[in-house]
Number of protein chains: 2
Amino acid sequence: MSAFVSWSGGKDCMYAMHRFLLQSELPVSHLVNMCDETGLKSGSHGLDSALIKAQAEQLNVELVQKPTSKSQYRANFIETISKLKNEGVTTGIFGDIYLEAHREWIEEVCTEIGVTPVFPLWGMDTSELPDLFVADGYKSMVVAVRKEKLGEEWLGRIIDEKFVEDIKSLTEIDPCAEQGEYHTFVLDGPLFNKAVEYNINEKWEDECHLYLELKAITA
Amino acid sequence: MSAFVSWSGGKDCMYAMHRFLLQSELPVSHLVNMCDETGLKSGSHGLDSALIKAQAEQLNVELVQKPTSKSQYRANFIETISKLKNEGVTTGIFGDIYLEAHREWIEEVCTEIGVTPVFPLWGMDTSELPDLFVADGYKSMVVAVRKEKLGEEWLGRIIDEKFVEDIKSLTEIDPCAEQGEYHTFVLDGPLFNKAVEYNINEKWEDECHLYLELKAITA
């Protein structure tokens with residue numbers, strides 16, 4: 001028996017995995033990453049899929065990347081997790097903190113598949129979580145911001161003590177970005193063999209978001 | 001000389017076009033609709049592209065649908081509008097109401113292309129706009145909701161006086177949904193030859209949104 005992590009590449013799924021391993025005997029066998037239809041970009045973060053591969057490699061966990069359209073998201077998620085269930089994966093780890101509607105969706109879908117969802121960060125104080133994440137030795141970078149919430153100066157920042165202080169000084173911003181204020185990419189931490197290597201490419205934007213394009217350096 | 005409308009299929013771009021035509025002598029020659037990479041779904045609403053075609057037909061306006069990935073959104077938008085500019089389109093109409101970051105992006109891109117952006121709804125009171133939209137004879141349907149904001153019972157509702165009353169009774173919801181609380185599809189109104197015909201297909205969802213799938217009825 002083992003568990004999978006619902007994996008975006010960002011700090012919350014990383015920290016959910018970290019805390020799960022502290023509290024459970026079950027090993028983490030898979031990261032499950034839903035991509036866009038081209039399979040090149042990971043979900044809402046617009047991350048290079050090769051970067052996610054590099055994370056899985058440094059974490060020594062098997063990666064499952066599943067391309068999907070929005071309208072087939074549920075069906076593709078169920079198909080992917082059902083396959084893992086047949087291989088003995090009994091539990092799913094999710095980084096959600098307080099959004100009830102997300103949790104309900106996950107619980108419903110997991111019940112349908114017959115795996116147990118676990119939410120190691122659920123109910124934690126979002127103004128304390130970033131401190132814990134930093135104190136526990138994780139390093140991640142802001143790779144996307146919602147323009148109506150945060151300016152360009154936040155893009156590319158590392159989540160460190162100064163970042164945590166700065167983000168907490170803002171009103172109407174969840175320090176953990178549970179409302180989508182920013183997205184991160186985890187570069188390093190205690191569960192990594194070594195840090196993920198990357199190049200910083202260009203910045204790009206659409207109407208709602210600014211993005212920083214990172215490229216994986218592959219051996 | 002003519003104008004294009006930045007077209008999502010929803011109430012705000014429709015009403016921006018309506019108000020522009022009241023205040024300007026310039027005709028509207030094109031609707032510009034950015035789609036996902038498959039060209040089958042329109043942007044964040046996940047709308048069937050054929051539905052957007054049906055709207056353009058009933059509005060007697062030429063439709064330009066441009067498939068794009070997120071990372072190429074800006075480049076594809078610029079390419080599309082630049083072509084129109086060469087055909088004499090001098091002005092762009094946008095349905096934004098108060099999100100400064102969106103407006104800045106549009107102004108910057110339009111300046112680069114050399115077309116004039118116009119925001120006929122800018123600064124209007126979002127608790128009055130839905131009343132005006134209904135009073136002016138437009139009819140639209142809620143085709144997507146953000147689950148953390150609105151429940152399933154809002155999906156498929158027609159924007160009418162009762163809807164406006166109900167949505168205004170909620171706190172933390174922009175009645176116009178400028179924060180992405182819901183998305184609409186315009187079915188009919190004074191600028192339409194006749195109402196767009198559609199079938200209601202199934203509901204589907206991802207972690208964040210509930211969607212109602214409409215299908216165009218084509219002759």
# chains A, B, ... in the order shown; residues from 1 in each chain; ligands from 1
>>> select_by_dssp(residues="range 44-134 of chain A", states="strand (DSSP E)", output="NGL selection string")
:A and (47-48 or 62-67 or 89-93 or 116-118)
>>> closest_atom_pairs(of="chain B", to="chain A", cutoff="8 Å", atoms="only C-alpha atoms", output="Markdown table")
| residue | atom | partner | partner_atom | distance |
| --- | --- | --- | --- | --- |
| B:Gly46 | CA | A:Lys70 | CA | 7.4 |
| B:Lys70 | CA | A:Asp206 | CA | 6.9 |
| B:Ser71 | CA | A:Trp204 | CA | 6.6 |
| B:Tyr73 | CA | A:Asp206 | CA | 6.1 |
| B:Arg74 | CA | A:Asp206 | CA | 6.2 |
| B:Leu99 | CA | A:Glu148 | CA | 6.6 |
| B:Glu100 | CA | A:Glu148 | CA | 7.0 |
| B:Ala101 | CA | A:Glu148 | CA | 5.4 |
| B:His102 | CA | A:Glu207 | CA | 5.3 |
| B:Trp105 | CA | A:Glu207 | CA | 6.2 |
| B:Ile106 | CA | A:Glu207 | CA | 7.5 |
| B:Lys147 | CA | A:Ala101 | CA | 5.7 |
| B:Glu148 | CA | A:Ala101 | CA | 5.4 |
| B:Trp204 | CA | A:Ser71 | CA | 6.5 |
| B:Glu205 | CA | A:Arg74 | CA | 6.9 |
| B:Asp206 | CA | A:Tyr73 | CA | 6.0 |
| B:Glu207 | CA | A:His102 | CA | 5.4 |
| B:Cys208 | CA | A:His102 | CA | 6.4 |
>>> closest_residue(among="A:Pro130, A:Gly137, A:Gly9, A:Gly114", to="Gln65 in chain A", atoms="only C-alpha atoms")
A:Gly9
>>> atom_distance(atom1="CA of Val196 in chain A", atom2="CA of Leu51 in chain A")
7.9 Å
>>> residues_around(residues="Val89 in chain B", least_positions_apart="5", cutoff="8 Å", atoms="only C-alpha atoms", output="ChimeraX atom specification")
/B:1-4,29,84,115
>>> write_last_selection(atoms="C-alpha atoms", output="compact mmCIF listing (two decimals), in the first residue's frame")
# COMPACT_ATOMS: atom_id res chain seq x y z
CA MET B 1 -12.78 52.76 -40.20
CA SER B 2 -14.42 50.39 -37.77
CA ALA B 3 -14.11 48.80 -34.34
CA PHE B 4 -13.71 45.25 -33.04
CA SER B 29 -16.99 45.13 -37.88
CA LEU B 84 -7.48 43.77 -38.51
CA VAL B 115 -5.36 50.78 -32.18
>>> closest_residue(among="B:Ser24, B:Asn86, B:Asn201, B:Ser127", to="Thr171 in chain B", atoms="only C-alpha atoms")
B:Ser127
>>> atom_distance(atom1="CA of Ser8 in chain B", atom2="CA of Met34 in chain B")
7.7 Å
>>> residues_around(residues="Glu153 in chain A", least_positions_apart="5", cutoff="12 Å", atoms="only C-alpha atoms", output="PyMOL selection string")
chain A and resi 142-145+147+158+163+166-167+203+210-212
>>> residues_around(residues="Val61 in chain B", least_positions_apart="6", cutoff="8 Å", atoms="only C-alpha atoms", output="ChimeraX atom specification")
/B:28-31
>>> residues_around(residues="Ile93 in chain B", least_positions_apart="3", cutoff="9 Å", atoms="only C-alpha atoms", output="PDB file with N, CA and C atoms, in the first residue's frame")
ATOM      1  N   ALA B   3     -14.580  49.271 -35.646  1.00  0.00           N
ATOM      2  CA  ALA B   3     -14.110  48.798 -34.341  1.00  0.00           C
ATOM      3  C   ALA B   3     -14.306  47.279 -34.228  1.00  0.00           C
ATOM      4  N   PHE B   4     -13.466  46.649 -33.409  1.00  0.00           N
ATOM      5  CA  PHE B   4     -13.712  45.255 -33.042  1.00  0.00           C
ATOM      6  C   PHE B   4     -14.112  45.204 -31.574  1.00  0.00           C
ATOM      7  N   VAL B   5     -14.793  44.118 -31.205  1.00  0.00           N
ATOM      8  CA  VAL B   5     -15.103  43.878 -29.794  1.00  0.00           C
ATOM      9  C   VAL B   5     -14.289  42.676 -29.312  1.00  0.00           C
ATOM     10  N   SER B   6     -13.617  42.820 -28.203  1.00  0.00           N
ATOM     11  CA  SER B   6     -12.938  41.697 -27.551  1.00  0.00           C
ATOM     12  C   SER B   6     -14.026  40.820 -26.941  1.00  0.00           C
ATOM     13  N   TRP B   7     -14.219  39.638 -27.523  1.00  0.00           N
ATOM     14  CA  TRP B   7     -15.470  38.890 -27.333  1.00  0.00           C
ATOM     15  C   TRP B   7     -15.290  37.569 -26.593  1.00  0.00           C
ATOM     16  N   CYS B  13     -19.002  41.899 -22.582  1.00  0.00           N
ATOM     17  CA  CYS B  13     -18.572  42.314 -23.924  1.00  0.00           C
ATOM     18  C   CYS B  13     -19.788  42.724 -24.759  1.00  0.00           C
ATOM     19  N   ALA B  16     -20.823  46.157 -23.515  1.00  0.00           N
ATOM     20  CA  ALA B  16     -19.825  47.148 -23.948  1.00  0.00           C
ATOM     21  C   ALA B  16     -20.069  47.523 -25.407  1.00  0.00           C
ATOM     22  N   MET B  17     -20.370  46.525 -26.244  1.00  0.00           N
ATOM     23  CA  MET B  17     -20.683  46.794 -27.658  1.00  0.00           C
ATOM     24  C   MET B  17     -21.940  47.650 -27.761  1.00  0.00           C
ATOM     25  N   PHE B  20     -21.173  51.190 -26.669  1.00  0.00           N
ATOM     26  CA  PHE B  20     -20.287  51.835 -27.645  1.00  0.00           C
ATOM     27  C   PHE B  20     -21.098  52.354 -28.826  1.00  0.00           C
ATOM     28  N   VAL B  28     -19.247  48.504 -35.698  1.00  0.00           N
ATOM     29  CA  VAL B  28     -18.507  47.344 -35.189  1.00  0.00           C
ATOM     30  C   VAL B  28     -18.400  46.326 -36.321  1.00  0.00           C
ATOM     31  N   THR B 116      -6.956  52.041 -30.860  1.00  0.00           N
ATOM     32  CA  THR B 116      -7.429  52.763 -29.675  1.00  0.00           C
ATOM     33  C   THR B 116      -8.356  51.881 -28.857  1.00  0.00           C
ATOM     34  N   PRO B 117      -8.005  51.620 -27.591  1.00  0.00           N
ATOM     35  CA  PRO B 117      -8.925  50.846 -26.764  1.00  0.00           C
ATOM     36  C   PRO B 117     -10.007  51.738 -26.157  1.00  0.00           C
ATOM     37  N   VAL B 118     -11.225  51.227 -26.117  1.00  0.00           N
ATOM     38  CA  VAL B 118     -12.347  51.938 -25.507  1.00  0.00           C
ATOM     39  C   VAL B 118     -12.989  51.009 -24.479  1.00  0.00           C
ATOM     40  N   PHE B 119     -13.350  51.567 -23.330  1.00  0.00           N
ATOM     41  CA  PHE B 119     -13.911  50.784 -22.228  1.00  0.00           C
ATOM     42  C   PHE B 119     -15.275  51.369 -21.851  1.00  0.00           C
ATOM     43  N   PRO B 120     -16.314  51.042 -22.602  1.00  0.00           N
ATOM     44  CA  PRO B 120     -17.613  51.715 -22.376  1.00  0.00           C
ATOM     45  C   PRO B 120     -18.218  51.450 -21.007  1.00  0.00           C
TER      46      PRO B 120
END
>>> atom_distance(atom1="CA of Glu197 in chain B", atom2="CA of Pro27 in chain B")
25.6 Å
>>> residues_around(residues="Leu59 in chain A", least_positions_apart="3", cutoff="8 Å", atoms="only C-alpha atoms", output="list in words")
Gln55, Ala56, Leu191, Phe192 and Asn193 of chain A
>>> select_by_dssp(residues="range 121-188 of chain A", states="helix (DSSP H, G or I)", output="ChimeraX atom specification")
/A:129-135,152-154,161-168
>>> write_last_selection(atoms="N, CA, C and O atoms", output="CSV table (one decimal), in the first residue's frame")
chain,number,residue,atom,x,y,z
A,129,LEU,N,1.6,29.1,8.0
A,129,LEU,CA,2.1,28.0,7.1
A,129,LEU,C,3.4,28.4,6.4
A,129,LEU,O,4.3,27.6,6.3
A,130,PRO,N,3.5,29.6,5.8
A,130,PRO,CA,4.7,29.9,5.1
A,130,PRO,C,5.9,29.9,6.0
A,130,PRO,O,7.0,29.5,5.6
A,131,ASP,N,5.8,30.4,7.2
A,131,ASP,CA,6.9,30.3,8.2
A,131,ASP,C,7.4,28.9,8.4
A,131,ASP,O,8.6,28.6,8.4
A,132,LEU,N,6.4,28.0,8.6
A,132,LEU,CA,6.8,26.6,8.8
A,132,LEU,C,7.5,26.0,7.6
A,132,LEU,O,8.5,25.3,7.7
A,133,PHE,N,7.0,26.3,6.4
A,133,PHE,CA,7.5,25.8,5.2
A,133,PHE,C,9.0,26.3,5.0
A,133,PHE,O,9.9,25.5,4.7
A,134,VAL,N,9.3,27.5,5.4
A,134,VAL,CA,10.6,28.1,5.3
A,134,VAL,C,11.5,27.5,6.4
A,134,VAL,O,12.6,27.0,6.1
A,135,ALA,N,10.9,27.4,7.6
A,135,ALA,CA,11.7,26.9,8.7
A,135,ALA,C,12.1,25.4,8.5
A,135,ALA,O,13.1,24.9,9.0
A,152,GLU,N,4.5,43.0,-10.5
A,152,GLU,CA,5.6,42.3,-11.1
A,152,GLU,C,6.8,42.0,-10.2
A,152,GLU,O,7.5,41.1,-10.4
A,153,GLU,N,7.0,42.9,-9.2
A,153,GLU,CA,8.1,42.8,-8.3
A,153,GLU,C,8.1,41.5,-7.5
A,153,GLU,O,9.1,41.1,-6.9
A,154,TRP,N,6.9,40.9,-7.4
A,154,TRP,CA,6.8,39.6,-6.6
A,154,TRP,C,7.2,38.4,-7.4
A,154,TRP,O,7.5,37.4,-6.9
A,161,GLU,N,12.2,34.3,4.7
A,161,GLU,CA,11.6,35.0,5.8
A,161,GLU,C,11.2,36.4,5.5
A,161,GLU,O,10.2,36.9,5.9
A,162,LYS,N,12.0,37.1,4.6
A,162,LYS,CA,11.6,38.4,4.1
A,162,LYS,C,10.4,38.4,3.3
A,162,LYS,O,9.5,39.3,3.5
A,163,PHE,N,10.2,37.4,2.4
A,163,PHE,CA,9.0,37.3,1.6
A,163,PHE,C,7.8,37.1,2.6
A,163,PHE,O,6.8,37.8,2.4
A,164,VAL,N,7.9,36.2,3.5
A,164,VAL,CA,6.8,36.0,4.4
A,164,VAL,C,6.4,37.2,5.2
A,164,VAL,O,5.2,37.6,5.3
A,165,GLU,N,7.4,38.0,5.6
A,165,GLU,CA,7.1,39.3,6.3
A,165,GLU,C,6.4,40.2,5.3
A,165,GLU,O,5.4,40.9,5.7
A,166,ASP,N,6.9,40.3,4.1
A,166,ASP,CA,6.3,41.2,3.1
A,166,ASP,C,4.9,40.9,2.8
A,166,ASP,O,4.0,41.7,2.7
A,167,ILE,N,4.7,39.6,2.5
A,167,ILE,CA,3.3,39.1,2.0
A,167,ILE,C,2.3,39.3,3.2
A,167,ILE,O,1.2,39.7,2.9
A,168,LYS,N,2.8,39.1,4.4
A,168,LYS,CA,1.8,39.3,5.5
A,168,LYS,C,1.4,40.8,5.8
A,168,LYS,O,0.4,41.0,6.4
>>> decode(residues="range 170-185 of chain A", atoms="all heavy atoms", output="mmCIF file, in the first residue's frame")
data_model
loop_
_atom_site.group_PDB
_atom_site.id
_atom_site.type_symbol
_atom_site.label_atom_id
_atom_site.label_comp_id
_atom_site.auth_asym_id
_atom_site.auth_seq_id
_atom_site.Cartn_x
_atom_site.Cartn_y
_atom_site.Cartn_z
ATOM 1 N N LEU A 170 0.528 42.745 3.545
ATOM 2 C CA LEU A 170 -0.514 43.141 2.602
ATOM 3 C C LEU A 170 -1.888 42.707 3.101
ATOM 4 O O LEU A 170 -2.058 41.589 3.567
ATOM 5 C CB LEU A 170 -0.268 42.499 1.236
ATOM 6 C CG LEU A 170 1.064 42.822 0.558
ATOM 7 C CD1 LEU A 170 1.164 42.087 -0.764
ATOM 8 C CD2 LEU A 170 1.215 44.323 0.345
ATOM 9 N N THR A 171 -2.842 43.592 2.989
ATOM 10 C CA THR A 171 -4.210 43.202 3.324
ATOM 11 C C THR A 171 -4.841 42.593 2.077
ATOM 12 O O THR A 171 -4.397 42.824 0.965
ATOM 13 C CB THR A 171 -5.049 44.412 3.764
ATOM 14 O OG1 THR A 171 -4.918 45.428 2.768
ATOM 15 C CG2 THR A 171 -4.567 44.951 5.100
ATOM 16 N N GLU A 172 -5.852 41.803 2.270
ATOM 17 C CA GLU A 172 -6.608 41.182 1.170
ATOM 18 C C GLU A 172 -5.775 40.207 0.344
ATOM 19 O O GLU A 172 -6.142 39.872 -0.777
ATOM 20 C CB GLU A 172 -7.239 42.235 0.256
ATOM 21 C CG GLU A 172 -8.239 43.101 1.015
ATOM 22 C CD GLU A 172 -8.996 44.061 0.115
ATOM 23 O OE1 GLU A 172 -9.088 43.800 -1.092
ATOM 24 O OE2 GLU A 172 -9.472 45.071 0.638
ATOM 25 N N ILE A 173 -4.627 39.797 0.862
ATOM 26 C CA ILE A 173 -3.842 38.745 0.220
ATOM 27 C C ILE A 173 -3.704 37.610 1.227
ATOM 28 O O ILE A 173 -3.257 37.828 2.348
ATOM 29 C CB ILE A 173 -2.419 39.251 -0.148
ATOM 30 C CG1 ILE A 173 -2.473 40.429 -1.115
ATOM 31 C CG2 ILE A 173 -1.548 38.109 -0.696
ATOM 32 C CD1 ILE A 173 -2.797 40.074 -2.538
ATOM 33 N N ASP A 174 -4.108 36.416 0.824
ATOM 34 C CA ASP A 174 -3.851 35.254 1.671
ATOM 35 C C ASP A 174 -2.354 34.953 1.590
ATOM 36 O O ASP A 174 -1.824 34.749 0.498
ATOM 37 C CB ASP A 174 -4.668 34.066 1.136
ATOM 38 C CG ASP A 174 -4.464 32.816 1.973
ATOM 39 O OD1 ASP A 174 -3.340 32.624 2.490
ATOM 40 O OD2 ASP A 174 -5.408 32.032 2.093
ATOM 41 N N PRO A 175 -1.655 34.940 2.742
ATOM 42 C CA PRO A 175 -0.193 34.720 2.696
ATOM 43 C C PRO A 175 0.179 33.415 1.975
ATOM 44 O O PRO A 175 1.252 33.319 1.390
ATOM 45 C CB PRO A 175 0.207 34.659 4.172
ATOM 46 C CG PRO A 175 -0.890 35.334 4.911
ATOM 47 C CD PRO A 175 -2.145 35.130 4.122
ATOM 48 N N CYS A 176 -0.698 32.418 2.034
ATOM 49 C CA CYS A 176 -0.461 31.143 1.335
ATOM 50 C C CYS A 176 -0.952 31.153 -0.101
ATOM 51 O O CYS A 176 -0.737 30.187 -0.827
ATOM 52 C CB CYS A 176 -1.163 30.002 2.053
ATOM 53 S SG CYS A 176 -0.215 29.371 3.418
ATOM 54 N N ALA A 177 -1.647 32.203 -0.485
ATOM 55 C CA ALA A 177 -2.188 32.313 -1.840
ATOM 56 C C ALA A 177 -3.238 31.256 -2.152
ATOM 57 O O ALA A 177 -3.382 30.841 -3.295
ATOM 58 C CB ALA A 177 -1.073 32.282 -2.882
ATOM 59 N N GLU A 178 -3.972 30.847 -1.131
ATOM 60 C CA GLU A 178 -5.027 29.847 -1.363
ATOM 61 C C GLU A 178 -6.112 30.375 -2.308
ATOM 62 O O GLU A 178 -6.841 29.598 -2.916
ATOM 63 C CB GLU A 178 -5.626 29.413 -0.009
ATOM 64 C CG GLU A 178 -6.761 28.412 -0.081
ATOM 65 C CD GLU A 178 -6.360 26.934 -0.077
ATOM 66 O OE1 GLU A 178 -5.232 26.610 -0.497
ATOM 67 O OE2 GLU A 178 -7.194 26.113 0.346
ATOM 68 N N GLN A 179 -6.214 31.684 -2.440
ATOM 69 C CA GLN A 179 -7.185 32.284 -3.375
ATOM 70 C C GLN A 179 -6.584 32.513 -4.761
ATOM 71 O O GLN A 179 -7.150 33.247 -5.585
ATOM 72 C CB GLN A 179 -7.697 33.623 -2.825
ATOM 73 C CG GLN A 179 -8.293 33.565 -1.436
ATOM 74 C CD GLN A 179 -9.726 33.019 -1.425
ATOM 75 O OE1 GLN A 179 -10.347 32.819 -2.463
ATOM 76 N NE2 GLN A 179 -10.240 32.764 -0.230
ATOM 77 N N GLY A 180 -5.400 31.935 -5.002
ATOM 78 C CA GLY A 180 -4.801 32.077 -6.335
ATOM 79 C C GLY A 180 -3.997 33.343 -6.549
ATOM 80 O O GLY A 180 -3.710 33.724 -7.680
ATOM 81 N N GLU A 181 -3.622 34.013 -5.466
ATOM 82 C CA GLU A 181 -2.886 35.268 -5.594
ATOM 83 C C GLU A 181 -1.519 35.082 -6.265
ATOM 84 O O GLU A 181 -1.041 35.946 -6.987
ATOM 85 C CB GLU A 181 -2.675 35.912 -4.219
ATOM 86 C CG GLU A 181 -3.943 36.418 -3.551
ATOM 87 C CD GLU A 181 -4.615 35.397 -2.645
ATOM 88 O OE1 GLU A 181 -4.403 34.164 -2.846
ATOM 89 O OE2 GLU A 181 -5.350 35.822 -1.742
ATOM 90 N N TYR A 182 -0.857 33.978 -5.947
ATOM 91 C CA TYR A 182 0.410 33.653 -6.620
ATOM 92 C C TYR A 182 0.573 32.138 -6.675
ATOM 93 O O TYR A 182 -0.158 31.400 -5.986
ATOM 94 C CB TYR A 182 1.616 34.313 -5.920
ATOM 95 C CG TYR A 182 1.879 33.859 -4.501
ATOM 96 C CD1 TYR A 182 2.680 32.746 -4.243
ATOM 97 C CD2 TYR A 182 1.359 34.552 -3.410
ATOM 98 C CE1 TYR A 182 2.943 32.327 -2.937
ATOM 99 C CE2 TYR A 182 1.607 34.142 -2.100
ATOM 100 C CZ TYR A 182 2.410 33.036 -1.879
ATOM 101 O OH TYR A 182 2.662 32.608 -0.601
ATOM 102 N N HIS A 183 1.484 31.679 -7.527
ATOM 103 C CA HIS A 183 1.813 30.260 -7.611
ATOM 104 C C HIS A 183 3.326 30.099 -7.486
ATOM 105 O O HIS A 183 4.078 30.966 -7.921
ATOM 106 C CB HIS A 183 1.348 29.654 -8.939
ATOM 107 C CG HIS A 183 -0.131 29.521 -9.030
ATOM 108 N ND1 HIS A 183 -0.843 28.635 -8.276
ATOM 109 C CD2 HIS A 183 -1.038 30.175 -9.797
ATOM 110 C CE1 HIS A 183 -2.132 28.745 -8.572
ATOM 111 N NE2 HIS A 183 -2.279 29.677 -9.479
ATOM 112 N N THR A 184 3.726 28.986 -6.911
ATOM 113 C CA THR A 184 5.157 28.778 -6.690
ATOM 114 C C THR A 184 5.645 27.491 -7.347
ATOM 115 O O THR A 184 4.848 26.638 -7.744
ATOM 116 C CB THR A 184 5.464 28.673 -5.176
ATOM 117 O OG1 THR A 184 4.786 27.530 -4.645
ATOM 118 C CG2 THR A 184 5.046 29.925 -4.437
ATOM 119 N N PHE A 185 6.958 27.375 -7.437
ATOM 120 C CA PHE A 185 7.600 26.149 -7.884
ATOM 121 C C PHE A 185 8.648 25.782 -6.838
ATOM 122 O O PHE A 185 9.495 26.605 -6.484
ATOM 123 C CB PHE A 185 8.261 26.359 -9.250
ATOM 124 C CG PHE A 185 8.984 25.146 -9.739
ATOM 125 C CD1 PHE A 185 8.291 24.054 -10.227
ATOM 126 C CD2 PHE A 185 10.377 25.077 -9.683
ATOM 127 C CE1 PHE A 185 8.948 22.910 -10.663
ATOM 128 C CE2 PHE A 185 11.055 23.944 -10.111
ATOM 129 C CZ PHE A 185 10.328 22.854 -10.599
#
